Every structure is written in structure tokens, then in C-alpha cells.
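**Q** Below are the C-alpha cells for one structure; questions will follow.
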Amino acid sequence: MASKEVITVFGATGAQGGSVARAILESKKFAVRAVTRDVTKSDALALRDLGAEVVKGDLDDKASVDDALKGAYGAFLVTNFWETLNKEKEAQQGKLVADTAKRLGLKHVVYSGLENVKRLTGGKLEVPHFDGKGEAEEYFWSLGIPMTSVRVAAYFENFLTAWKPEKASDGDYYILALPMGDVPMDGISVADVGAAVSSIFNSPEEFLGKAVGLSAEKLTIQQYADVLSKVLGKEVRDAKITPEAYEKLEYLAGKEVANMCLFYQMKPDQDVKLTHRLNPKVKSFSQFMSENQGAFKDL
Ligand SMILES: NC(=O)c1ccc[n+]([C@@H]2O[C@H](COP(=O)([O-])OP(=O)(O)OC[C@H]3O[C@@H](n4cnc5c(N)ncnc54)[C@H](OP(=O)(O)O)[C@@H]3O)[C@@H](O)[C@H]2O)c1
């Protein structure tokens, strides 16, 4: 039997890349080359146990990106803004993969991009963790690389950590603070991204040259709060916070998230129907929360 063609997966030890690597392995059409800076970490060893080739590589090191992509049919790329908080660096990592993919003649790159909000809004809004990815995505297109861009909606997992409901100061209830007004916000469990990306790799003729917004469903903040109330058995309310008030919160990325919500209010293209076709098992927020109640045992 001929050996399988290889897809190189960057970020394979992380949430998105890990989900993608596992789904490609499960689908059995392609072999996976998983890239990490530390091949001894447990997430890397777990991928090896599942059948992936695990290689050492660093997105800041040209020679190792070259090695990681050599001989590959395709690649999945996610870059991690939150490690450096530097959009120039993130754009540079994307562009290095683009240049290398072009030179080596890869047949299909799936890039986890996002919109260049600064350019799209004429400089009115800046969302650095979107803008750097948007810049890299534009660079990929400009080189004519056979690519699909996936734009992943807000992870449902954020509600277990940074966006966890907080106790209200004036009563026996909890508040959910995200400045979305009454506009629904797209969401998806990052664990469900992998199967959608694997489907894209399995149907290049349909998805090459396209941008796909991955979203399980669109809910208003009050609807997210209603699901949380039901699952947790405690009242959760939309705090109805304004972007201006959100910016001032003592939180790592107040302005960044406030501007992201203002951009989300402009309703970027996220395709719930297509996401369900790409991954028929994609979970609703309600299913996701039912499976993750344990994260709230201290609430
Ligand atoms: N949270 C959300 O709602 C959301 C929604 C859409 C998009 N995103 C985007 O998702 C990205 C983060 O992805 P994630 O959630 O999968 O993060 P994660 O779980 O923290 O994983 C980060 C991955 O990036 C790899 N990595 C970081 N720097 C690297 C480098 N220099 N060279 C090679 N690999 C490197 C890490 O690999 P090693 O450490 O093993 O080398 C790790 O596998 C962010 O850029 C964020 O903007 C997030």
C-alpha cells in the first residue's frame, strides 16, 4: 500500500492544532507530522502514541520551518498571539510559513486566520490578535498559495476561564460581562474545530481559495447566560456592560476584547450551517456546558 501523504500541523500540542492533528489521524486519509518546540512534553508524546510523527520545530526559526514542511502535501497553521502579545511577530511567523509553503510547493495550507480589523475599519478599531493574522492571511493570498483560511469563532472554553460568570455585588446572582449589546456572538468548542478542518483537507476542490468562518451557533450574551443558569442551577444575567466600561476592567486584554466585541457586532461572516456540515458532531453551547459543569464546582 502506498504511504499516506503528510500534513504538517503547527500548534499540535495546543488546543486548536491538537484538535486538528487528532481529527486528521482519526480520518485516516493523511499522515500527521506534529510540530512542537518540545518533543518531550506530554501532549507531544500523546500524539506520538496516536500515530503522529512528532518533530521539533520553531515558527521563529526558518530552518526548522523548512524541515517541518519538507515533503509535506499540506499544512495546518495556527499561531499563538497570546504567547508574545506581539502582532508583528505573529504576522512574521505566518509569512515565514507562507514563503516556505510557496517555495516547497505545498498543495493545501489551512491557515487559522482572522480578519485584519484595522484595515477593514480604516483604522477605527484595532484588535492586534486579529490584525496580525489578517496581515499574514493577506500575504498568503498574495503569493497565490493553495489555501483555505478558517476563522474560528470565540471558543466556548473561554466561558470556563476568562469569561467565567462573576458573583454580582448587589444580590444573589452572577453576571456575564461581554460588551456585545444585543447582537448574537458566534461560538464553538475548540475541540470541534479539528473535525471541520479535517473535512476541509478531505475536499480541497470545494475549499481551496476560500475563507470559512467556523461557528457552532450564535447566541446573545443573555442567551449564553440562560444556558449557564440552567446548567449551573444559579441565576446568571447579562451584565450589559458597555465597551467603554469593559476597557477599564482589571483584565489583561480589556481594550483588545472590547474592540473585538465591537468588531463582532459588525457581524463578520461565520457559517453555522457549513460548520455543521463539516463537523456533524459539533456541540451546541448547552451540550458543551453540560459536559463541563465540573469547571464551575467552586462557583
Ligand atoms: N480563545 C479563542 O476564543 C480563540 C478564537 C479564535 C482564535 N484564537 C487564536 O488561537 C490562537 C491560540 O491557539 P490555541 O488556543 O491552540 O493555543 P494553545 O493551546 O496555547 O497552543 C499554542 C500552540 O502554539 C505553539 N507555538 C507557540 N509558539 C510557537 C513557536 N514559536 N513555534 C512553534 N510552535 C509554537 C505551541 O507549541 P509548543 O509550545 O509545543 O512549541 C502550542 O502548540 C491564538 O492566536 C488566538 O488568537 C483563539
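As shown in the C-alpha cells, the chain order sets the letters A, B, ...; within each chain, residues go from 1, and ligands are also counted from 1 in the order they appear.
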Show me which residues line ligand 1, defined as having an atom within 9 Å of a ligand atom where only C-alpha atoms and all ligand atoms count, and present them as a VMD selection string.

**A** chain A and resid 10 to 19 35 to 39 41 43 to 44 56 to 61 65 78 to 84 90 93 112 to 114 129 to 130 133 151 to 158 187 to 190

**Q** Tell me, which residues of range 7-212 of chain A carry DSSP strand (DSSP E), written as number ranges by chain?

**A** A: 7-9, 31-36, 53-56, 74-77, 108-112, 147-152, 154-155, 166-167, 174-176, 185-188, 211-212

**Q** With distances taken over only C-alpha atoms, which residue among A:Thr275, A:Ser229, A:Ser203, A:Gln287 lies nearest Tyr173 in chain A?

**A**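 Nearest candidate to Tyr173 in chain A out of A:Thr275, A:Ser229, A:Ser203, A:Gln287: A:Ser229.
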
**Q** I'd like to know which of A:Thr100, A:Ser3, A:Ser284, A:Ser215 is closest to Lys28 in chain A, using only C-alpha atoms.

**A**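 Between A:Thr100, A:Ser3, A:Ser284, A:Ser215, the residue approaching Lys28 in chain A most closely is A:Ser3.
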
**Q** Write out as JSON, numbers by chain the set of residues from range 4-117 of chain A that DSSP, computed on the backbone, places in alpha helix (DSSP H).

**A** {"A": [15, 16, 17, 18, 19, 20, 21, 22, 23, 24, 25, 26, 27, 42, 43, 44, 45, 46, 47, 48, 49, 50, 62, 63, 64, 65, 66, 67, 68, 69, 81, 82, 83, 84, 87, 88, 89, 90, 91, 92, 93, 94, 95, 96, 97, 98, 99, 100, 101, 102, 103, 104, 117]}

**Q** Between CA of Val54 in chain A and CA of Phe76 in chain A, what distance in Å does the model show, to one decimal?

**A**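 Here the two named atoms are 14.4 Å from each other.
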
**Q** Name all residues at most 10 Å from Ser290 in chain A (count only C-alpha atoms; drop same-chain ones fewer than 2 positions away) and give them as a list in words.

**A** Val227, Leu228, Lys230, Val231, Leu232, Ser284, Phe285, Ser286, Gln287, Phe288, Asn292, Gln293 and Gly294 of chain A

**Q** Given only C-alpha atoms as the basis, pick out the residue of A:Asp182, A:Asp170, A:Asp99, A:Glu250 nearest to Leu219 in chain A.

**A**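 Of A:Asp182, A:Asp170, A:Asp99, A:Glu250, the one nearest Leu219 in chain A, counting only C-alpha atoms, is A:Asp182.
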
**Q** Quick one: everything within 10 Å of Arg33 in chain A, counting only C-alpha atoms, minus sequence neighbours fewer than 2 positions away in the same chain. Send it as a CSV table (one decimal) with C-alpha atoms, in the first residue's frame.

**A**
```csv
chain,number,residue,atom,x,y,z
A,6,VAL,CA,1.7,14.1,5.1
A,7,ILE,CA,0.0,17.1,6.6
A,8,THR,CA,2.3,19.2,8.9
A,9,VAL,CA,0.4,20.5,11.9
A,10,PHE,CA,1.8,23.6,13.7
A,12,ALA,CA,-0.2,20.4,17.5
A,21,ALA,CA,-4.0,16.6,14.5
A,30,PHE,CA,-3.4,11.6,5.7
A,31,ALA,CA,-0.4,11.1,7.9
A,35,VAL,CA,5.4,20.3,15.2
A,36,THR,CA,6.4,21.4,18.8
A,47,LEU,CA,0.2,12.4,19.7
A,48,ARG,CA,3.1,10.0,19.0
A,51,GLY,CA,0.4,7.6,15.3
A,52,ALA,CA,1.7,11.1,14.5
A,53,GLU,CA,5.3,11.8,13.6
A,54,VAL,CA,6.4,14.4,16.2
A,55,VAL,CA,9.2,16.8,15.1
A,68,ALA,CA,8.9,20.7,9.1
A,69,LEU,CA,7.3,21.3,5.7
A,72,ALA,CA,4.6,17.5,3.1
A,75,ALA,CA,-0.1,22.1,6.5
```

**Q** Please provide as number ranges by chain all residues within 9 Å of Val257 in chain A, with the sequence filter that same-chain residues fewer than 4 positions apart are discarded (counting only C-alpha atoms).

**A** A: 127, 178-179, 243, 246-247, 253, 261-262

**Q** So, counting only C-alpha atoms, which residue among A:Gly134, A:Pro184, A:Gly71, A:Gly94 is closest to Ala211 in chain A?

**A**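 Counting only C-alpha atoms, the residue closest to Ala211 in chain A is A:Gly134.
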
**Q** Report the distance between CA of Pro146 in chain A and CA of Ser198 in chain A in Å, rounded to one decimal place.

**A** 15.9 Å
